[in-house]
Structures are given as structure tokens and as C-alpha cells.
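Chemist: The following block contains the structure, expressed as C-alpha cells.
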Amino acid sequence: MKRIALFAVGLLLVASTAMAAGPVKIGLMAPLTGPWASEGQEMKQVLDLLSADLNAKGGLLGQKVEVIAEDDGGDPKTAALAAQRLTTKGVAAVIGTYGSSVTEASQNIYNESKIIQIANGSTAVRLSEKGLKYFFRTCPRDDEQGRVAAQTIQKMKAKNVAILHDNTTYAKGLAAEAKALLKGVNIVFFDALTPGERDYTAILTKLKAAKPDVVFFTGYYPEAGLLLRQKMQMKWNVPFIGGDAQNNPDLIKIAGKEAASGFYFLSTPLPKDLPTKESKAFVDTYKKKYRNAPSSIYALLAGDGFRVITAAIKEKKSVDPDVLAAFLKKGFKDDRGLTGRIAFNAKGDRVGELYRVYKVDAKGNFILQK
């Protein structure tokens, strides 16, 4: 046992020395492949751009910054393996990931390894209710999204509401939050579809039979696009509202412009609607580098995670996770974040109201509603 303990101490000393002598490594866990690959690829592009800019300005602690990316495939099992690999690579922190169930599969791995994780698209309430010391997120929570969803549905004066989810941690949680907050309406349908299928006419037929005035679907954009297309093919005109996992341009590719027209969804402000000159300047830089604007807000929320952790390392002159976690929860404030002002509460959640309502127009554009 003593020999094993000495070996472990030796490994820690080697790791510490490597971290001190080499670049400051920031991990990225993202869906670089799989159904959400477009989100993950943009997340990596944003971090590559930000790290290059930081290195051009001298890096951190006198060292270059290196982004170490691991593919979680949008899948919990793959994410757990990706997280285990990142814990062996001397990263000071990890940015990511996108889906709540994927983040949940990696949370304990990072926490037990004392590595700060800053998720960027994982909104499930329970992720931060576990009290994990090193967990943060730059995206809002589903209880806030549920509040805005209920508010939007009630403004539409709907009396009969159907809620459809996909049984993932995120979608099921958001559906439950909205259901609890919807007062004075009849919930005429509350059930789940199976993600990844190619034909949802059976569930759409059940939904139609419930005669809702509006349908709130809380799953992801691939299924939402298909639902909208097949709903139109059924000649069913009931309005659909979606959650923030549907704010991806691929929704229009899947549904088609005609079927998507009139669709509402909730989201933090999209890149084109970001309010500050700093965010507009970054989007312009991104366009020059990659010849198109970032299509999703989650890439910029990942960028905010990178900016937050590198600013904390610079401010505290340390990569000690305890020092950084305490600073982020009590002393950190960034009024020039890519997505607006950033500060965290004691649970690691971002504070402030971020959700907005968007509507798809006849050309497939996402239009911010006032």
C-alpha cells in the first residue's frame, strides 16, 4: 500500500511539474461528431480563435495556452471516456459540453479530479443542485427557460396545451418545469417521443387527437425539424414552440422553410442579436476567419467559458482549482462577455435573465420578438 501511495505522489509531482513547465492547457469536451456535430465544431472554432488571440497577447502566466479537444459524440458513454482522457492530460479546466445528459455523465469525473468544468449548453436544473464544487455553466437553467416558456404560452392565450419531450435529462426537465408553471390551462398531452427516428406521424396523430391550442416540444432541433415537416404534410396547423436546443439553422434544412415558418423557440440572444460592441467585434473576427458567422449561440457560450477561466487564471496568477472556484463564485464579474454580463452564484450558475423569444419567418430567418 505504501509503495502505491509513493507512486501516486510521484505521478502528481510529475503532472504538477509538467503543468508548470509547459503550456496552460484548457480542455474542450464537445460533440465534434454525432447529431450535434455542428454545435461542437463551432465550439472548437471559437476556442481556437480565442486562444490564438490570447497567445498573440502573451498567453497566460508567461506560457502559451493550448486547447485540448475531446469528442463526446453527444453521447453520455462517449463523454465519460472523453472526460477520463482529459483528466490525464494536465488540463487546468474543461469547457463543455452541450447536452445536459452528456454533461451529467462527466460531472463526477471532473469533480473528483478537482478540475473546473464550465458547461455551455447544459441547462438541466439538477446539474448544479448536486453541490459540486468545481461545476459552472455560462448558459441559463431550465427553470428560467420554463418560466419564459409558460409566460409565452399564456400570452398566446392558449387554453389547451400539449407538452412533448424526448426523455433526455434536458428535455424532460424543461417539460416538467413548464408544466409546473403553466397556470389556468389544461395540459391535454404530456409524453415523450424517441429521438433519432425518421417518422413521427404516429406521435403527431396522438397529439392532434388531444386537440391542443399549442404544442411545446422541449427536445432537440433534428427531431423538431422533422416534427414540423411531417405536421405540415398532415395539414395540421397548430402552432409549435420549442426550447433553446432548437435554435440551430439545421432546423430549417430538416423542416423546410414553409413548414418552419411561424415556429417559435426560446433562446439566449443569437449571435446576430448580441448587444455589446465586444460581441459584435468578435462575430466580425469569426466571420473573417471562417467566412461565415457562428450559427449557434452555444459556441459563443463556450467562448465565454474560455474567457472566464483564462481571466480568472490571469487575475489569481494560479491554476489551483480551489483558488479559481472560490474566485469565480465570489469575486468574478465580466461586463463584456461575448453573450453579455457574466457572474456566478454559489451553485456555479450564471446569474441574470438571458432568454428571449424568436419566431421563424417565411424565409427561414430567426427573428427576435420584442
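Here's how to read the names in the C-alpha cells: chain A, B, ... by the order shown, residue numbers from 1 in each chain, ligand numbers from 1 in the order shown.
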Pull the closest atom pair for each residue of stretch 203-248 of chain A that gets at most 12 Å from stretch 90-110 of chain A, along with the distance in Å to one decimal, counting only C-alpha atoms, ordering rows by chain and then ascending residue number, as CSV.
Modeler:
```
residue,atom,partner,partner_atom,distance
A:Gly219,CA,A:Gly99,CA,10.6
A:Tyr220,CA,A:Gly99,CA,9.5
A:Asp244,CA,A:Gly99,CA,11.2
A:Ala245,CA,A:Gly99,CA,8.7
```
Chemist: Going by DSSP on the backbone, which residues of stretch 147-189 of chain A come out as strand (DSSP E or B)? List them as a VMD selection string.
Modeler: chain A and resid 160 to 165 186 to 189
Chemist: Tell me which protein, DNA and RNA residues are within 10 Å of A:Val185, counting only C-alpha atoms, leaving out same-chain ones fewer than 3 positions away, and put them as a list in words.
Modeler: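 Skipping anything fewer than 3 positions along the chain leaves Ile153, Gln154, Lys157, Ala158, Lys159, Asn160, Val161, Lys179, Leu182 and Val188 of chain A.
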Chemist: So which residues touch A:Pro222 within 8 Å, counting only C-alpha atoms, skipping near sequence neighbours fewer than 3 positions away, as an NGL selection string?
Modeler: :A and (35 or 196 or 225-226 or 246 or 250-251 or 254)
Chemist: From a DSSP pass on the backbone, collect the residues of stretch 131-370 of chain A flagged as helix (DSSP H, G or I) and hand them back as a count of residues only.
Modeler: 109
Chemist: Quick one: everything within 6 Å of A:Thr268, counting only C-alpha atoms, minus sequence neighbours fewer than 3 positions away in the same chain. Send it as a ChimeraX atom specification.
Modeler: /A:354-356
Chemist: Need to verify the contact set: A:Ser279, 9 Å, only C-alpha atoms, exclusion of same-chain residues closer than 6 positions in sequence. Can you return it as a list of chain:residue names?
Modeler: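 The neighbour list is A:Pro271, A:Leu300, A:Arg336, A:Gly337, A:Leu338, A:Thr339, A:Gly340.
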Chemist: I need the chosen residues saved as a PDB file, in the first residue's frame, with N, CA and C atoms.
Modeler:
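Everything below was put into result.pdb:
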```pdb
ATOM      1  N   PRO A 271     -26.193  35.070 -32.036  1.00  0.00           N
ATOM      2  CA  PRO A 271     -25.010  35.900 -32.321  1.00  0.00           C
ATOM      3  C   PRO A 271     -25.355  37.208 -33.027  1.00  0.00           C
ATOM      4  N   LEU A 300     -20.652  30.543 -28.711  1.00  0.00           N
ATOM      5  CA  LEU A 300     -20.223  31.751 -28.005  1.00  0.00           C
ATOM      6  C   LEU A 300     -20.305  31.561 -26.487  1.00  0.00           C
ATOM      7  N   ARG A 336     -18.248  42.398 -20.085  1.00  0.00           N
ATOM      8  CA  ARG A 336     -18.022  42.421 -21.536  1.00  0.00           C
ATOM      9  C   ARG A 336     -17.955  41.013 -22.120  1.00  0.00           C
ATOM     10  N   GLY A 337     -18.725  40.095 -21.546  1.00  0.00           N
ATOM     11  CA  GLY A 337     -18.770  38.733 -22.073  1.00  0.00           C
ATOM     12  C   GLY A 337     -19.323  38.706 -23.489  1.00  0.00           C
ATOM     13  N   LEU A 338     -19.004  37.664 -24.229  1.00  0.00           N
ATOM     14  CA  LEU A 338     -19.490  37.560 -25.612  1.00  0.00           C
ATOM     15  C   LEU A 338     -21.012  37.548 -25.655  1.00  0.00           C
ATOM     16  N   THR A 339     -21.636  37.028 -24.603  1.00  0.00           N
ATOM     17  CA  THR A 339     -23.098  36.972 -24.563  1.00  0.00           C
ATOM     18  C   THR A 339     -23.676  37.903 -23.509  1.00  0.00           C
ATOM     19  N   GLY A 340     -22.898  38.860 -23.059  1.00  0.00           N
ATOM     20  CA  GLY A 340     -23.383  39.811 -22.070  1.00  0.00           C
ATOM     21  C   GLY A 340     -22.655  39.668 -20.737  1.00  0.00           C
TER      22      GLY A 340
END
```
